[in-house]
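K.L.:
Below you will find the structure I want to go over with you.
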Amino acid sequence: MTTICKTSLGLACALALTACGPLNESNVSNGVLDVVKGRLSGAPAQPAPTAAVLTRAQADANPGGFLVLNAYNGTMVAAMAAGARNGNRVTWLSADGPSVTTQNGVMVATRGFPRDLMAADVDGVMRALIAGGGTATRVHETLSDTDQIVTQSFTCTLASQGRETIGILGRQIATERFGEACQSDNLAFTNSYWIDDTGAMVRSLQAVAPDSGYIQLDRP
C-alpha cells in the first residue's frame with residue numbers, strides 16, 4: 001500500500017455539523033493550557049462485527065456514502081451518512097445526534113460524546129500512512145472539565161501489522177492493517193487502521209478523548 005485514496009462521497013444530508021476550534025483554522029494556541037490527566041482505555045480487544053443498522057443493499061446503492069459507528073464496546077451503534085465536505089475532510093452525521101469528521105478516514109473531530117475531540121491536526125499521520133509507516137506528531141484539542149479547550153501534542157509511531165481479511169456487512173475485504181501508538185506526557189493511546197487494496201480506509205479503531213474512549217468506524 002503506497003497511497004491513501006480520496007474517496008468520492010455523496011452528500012447525504014443538507015444540514016451538517018462542522019468542527020470548530022483553533023486547529024480547524026490552522027492556528028494552534030500557544031497560551032497556558034490545562035493538562036489532561038489519565039490514560040485512554042476501553043478499546044475493544046478485537047474489532048466488532050458491523051451491526052445490522054445498515055443493509056448491504058443500502059450501502060451498495062450509495063458507495064462510500066455511509067459509515068457504521070460502534071462505540072462503548074457495542075452499546076452505541078449507528079449508521080452515519082456523509083454530510084458536509086471541506087477539502088479532504090468529511091463530516092458524518094447520525095440520526096441520533098453524534099457526528100464524526102474524518103480526514104481520508106483518520107478522525108479529526110467528534111460531536112455528541114461525553115468529552116469530544118474538538119479538532120485535530122493529523123497531517124503527519126497521513127504522511128506516515130502513505131509512506132507505509134514512520135513517526136508523526138499529532139495535535140488534539142479536547143474540552144477540559146471547565147469547558148476550556150486543552151491542546152496536547154503526541155509523538156506517534158505507525159507500522160504495518162500485516163495483511164488481514166475483514167468482513168463488513170457480508171463482504172470480505174482484503175486489507176493491510178496499521179497500528180499507531182501515540183504518547184504524550186500524560187496520555188497514551190493506540191489506533192488501528194485497515195486499508196484496502198485501493199488505498200481506502202475501510203475500518204478503524206480510533207481514540208476520541210478521555211471519558212469517551214475509542215470508536216470503531218466501518219465503511220461498508
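Convention: chains lettered A, B, ... in C-alpha cells order; per-chain residue numbering from 1; ligands numbered from 1 as shown.
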Would you list the contacts of Arg219 of chain A as an mmCIF file with C-alpha atoms, in the first residue's frame, taking every protein, DNA or RNA residue within 12 Å and counting only C-alpha atoms, but skipping same-chain residues closer than 2 positions in sequence?
P.N.:
```cif
data_model
loop_
_atom_site.group_PDB
_atom_site.id
_atom_site.type_symbol
_atom_site.label_atom_id
_atom_site.label_comp_id
_atom_site.auth_asym_id
_atom_site.auth_seq_id
_atom_site.Cartn_x
_atom_site.Cartn_y
_atom_site.Cartn_z
ATOM 1 C CA THR A 7 -12.832 8.563 -1.912
ATOM 2 C CA LEU A 9 -18.537 10.656 -1.183
ATOM 3 C CA PRO A 49 -18.733 -7.037 13.546
ATOM 4 C CA THR A 50 -20.581 -4.336 11.653
ATOM 5 C CA ALA A 51 -24.011 -4.172 13.257
ATOM 6 C CA LEU A 54 -27.483 -0.698 7.580
ATOM 7 C CA ARG A 56 -25.718 -4.349 2.137
ATOM 8 C CA ALA A 59 -24.572 0.517 1.223
ATOM 9 C CA ASP A 60 -24.264 -0.651 -2.389
ATOM 10 C CA ASN A 62 -24.643 4.758 -2.223
ATOM 11 C CA PRO A 63 -20.995 3.605 -2.437
ATOM 12 C CA GLY A 64 -18.805 5.451 0.057
ATOM 13 C CA GLY A 65 -21.793 7.341 1.418
ATOM 14 C CA PHE A 66 -22.039 5.645 4.821
ATOM 15 C CA LEU A 67 -20.032 4.737 7.912
ATOM 16 C CA VAL A 68 -21.110 2.467 10.755
ATOM 17 C CA LEU A 69 -20.072 3.740 14.195
ATOM 18 C CA ASN A 70 -19.556 1.345 17.114
ATOM 19 C CA ALA A 79 -25.290 4.347 10.721
ATOM 20 C CA MET A 80 -23.748 7.650 9.647
ATOM 21 C CA ALA A 81 -24.294 9.440 6.337
ATOM 22 C CA ALA A 82 -21.795 11.684 4.592
ATOM 23 C CA TRP A 92 -20.539 12.078 9.054
ATOM 24 C CA THR A 102 -12.599 12.365 9.169
ATOM 25 C CA ASN A 104 -9.225 10.477 4.482
ATOM 26 C CA GLY A 105 -10.509 8.126 7.186
ATOM 27 C CA ILE A 166 -12.080 -8.499 7.350
ATOM 28 C CA GLY A 167 -15.839 -8.882 6.974
ATOM 29 C CA ILE A 168 -18.129 -5.842 6.709
ATOM 30 C CA LEU A 169 -21.848 -6.362 6.067
ATOM 31 C CA ARG A 171 -18.422 -8.630 2.236
ATOM 32 C CA ILE A 173 -12.265 -7.275 2.161
ATOM 33 C CA TYR A 193 -6.432 1.247 10.620
ATOM 34 C CA TRP A 194 -7.460 -1.261 7.933
ATOM 35 C CA ILE A 195 -6.720 -0.056 4.382
ATOM 36 C CA ASP A 196 -7.925 -1.953 1.319
ATOM 37 C CA ALA A 200 -9.285 3.394 1.076
ATOM 38 C CA MET A 201 -9.609 3.090 4.854
ATOM 39 C CA VAL A 202 -12.452 0.611 5.392
ATOM 40 C CA ARG A 203 -12.174 0.112 9.161
ATOM 41 C CA SER A 204 -10.537 1.887 12.076
ATOM 42 C CA GLN A 216 -14.839 1.852 15.585
ATOM 43 C CA LEU A 217 -15.684 3.176 12.137
#
```
K.L.:
Near Thr91 of chain A, counting only C-alpha atoms, which residues have an atom at most 6 Å away, once you skip same-chain residues fewer than 3 positions from it, shown as a PDB file with N, CA and C atoms, in the first residue's frame?
P.N.:
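Contents of selection_37.pdb, freshly written:
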```pdb
ATOM      1  N   GLY A  83     -22.039  14.009   5.194  1.00  0.00           N
ATOM      2  CA  GLY A  83     -22.660  15.326   5.167  1.00  0.00           C
ATOM      3  C   GLY A  83     -21.736  16.346   4.536  1.00  0.00           C
ATOM      4  N   ALA A  84     -21.324  17.338   5.312  1.00  0.00           N
ATOM      5  CA  ALA A  84     -20.518  18.438   4.775  1.00  0.00           C
ATOM      6  C   ALA A  84     -19.119  17.967   4.404  1.00  0.00           C
ATOM      7  N   VAL A 100     -19.052  12.619  13.421  1.00  0.00           N
ATOM      8  CA  VAL A 100     -17.612  12.399  13.355  1.00  0.00           C
ATOM      9  C   VAL A 100     -17.101  13.057  12.080  1.00  0.00           C
ATOM     10  N   THR A 101     -15.970  13.744  12.178  1.00  0.00           N
ATOM     11  CA  THR A 101     -15.325  14.298  10.991  1.00  0.00           C
ATOM     12  C   THR A 101     -14.023  13.554  10.763  1.00  0.00           C
TER      13      THR A 101
END
```
K.L.:
Identify which of the residues A:Asn73, A:Gln152, A:Thr55, A:Thr146 lies closest to Ala209 of chain A, counting only C-alpha atoms when measuring atom-to-atom distances.
P.N.:
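Checking each candidate against Ala209 of chain A, we get A:Gln152 as the closest.
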K.L.:
Go through A:Leu143, A:Leu117, A:Ala174, A:Leu158 one by one, measure the shortest atom-to-atom distance of each to Thr190 of chain A using only C-alpha atoms, and give the residue with the smallest value.
P.N.:
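Residue with the minimum atom-to-atom distance to Thr190 of chain A: A:Leu158.
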K.L.:
Please compute the atom CA of Gln206 of chain A-atom CA of Asn191 of chain A distance, one decimal, in Å.
P.N.:
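Atom CA of Gln206 of chain A sits 4.8 Å away from atom CA of Asn191 of chain A.
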K.L.:
Run DSSP on the backbone of this structure and report the residues of segment 35-220 of chain A it assigns to strand (DSSP E or B), as a PyMOL selection string.
P.N.:
chain A and resi 66-71+76-86+89-94+99-103+106-111+117-121+133-143+149-168+171-183+188-196+201-209+213-218
K.L.:
Atom CA of Thr165 of chain A and atom CA of Gly199 of chain A are how many Å apart?
P.N.:
14.5 Å
K.L.:
Of the residues A:Ala188, A:Val139, A:Ile215, A:Ala159, which is the one nearest to Glu176 of chain A, using only C-alpha atoms?
P.N.:
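Among A:Ala188, A:Val139, A:Ile215, A:Ala159, it is A:Ala159 that comes nearest to Glu176 of chain A.
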K.L.:
So that I can check the surroundings of Met118 of chain A, please list as a ChimeraX atom specification every protein, DNA and RNA residue that reaches within 6 Å of it, counting only C-alpha atoms and ignoring chain neighbours fewer than 4 positions away.
P.N.:
/A:109,141-142
K.L.:
Go ahead and save the residues from that selection, with N, CA and C atoms, as a PDB file, in the first residue's frame.
P.N.:
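Okay, this is what ended up in result17.pdb:
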```
ATOM      1  N   ALA A 109     -12.374  15.136  14.411  1.00  0.00           N
ATOM      2  CA  ALA A 109     -13.307  15.815  15.315  1.00  0.00           C
ATOM      3  C   ALA A 109     -14.496  14.903  15.590  1.00  0.00           C
ATOM      4  N   GLU A 141      -7.216  18.856  20.207  1.00  0.00           N
ATOM      5  CA  GLU A 141      -7.900  19.806  21.076  1.00  0.00           C
ATOM      6  C   GLU A 141      -9.113  19.108  21.668  1.00  0.00           C
ATOM      7  N   THR A 142      -9.191  19.077  23.003  1.00  0.00           N
ATOM      8  CA  THR A 142     -10.331  18.496  23.709  1.00  0.00           C
ATOM      9  C   THR A 142     -10.835  19.492  24.742  1.00  0.00           C
TER      10      THR A 142
END
```
K.L.:
For Ala52 of chain A, which residue out of A:Asp185, A:Arg127, A:Gln148, A:Gly170 is the nearest one, using only C-alpha atoms?
P.N.:
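Of A:Asp185, A:Arg127, A:Gln148, A:Gly170, the one nearest Ala52 of chain A is A:Gly170, counting only C-alpha atoms.
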K.L.:
When you look at Thr135 of chain A with a cut-off of 8 Å (counting only C-alpha atoms), what residues show up, excluding the ones that are within fewer than 5 positions of it in the same chain? I need them as an NGL selection string.
P.N.:
:A and (124-125 or 128 or 155-158)
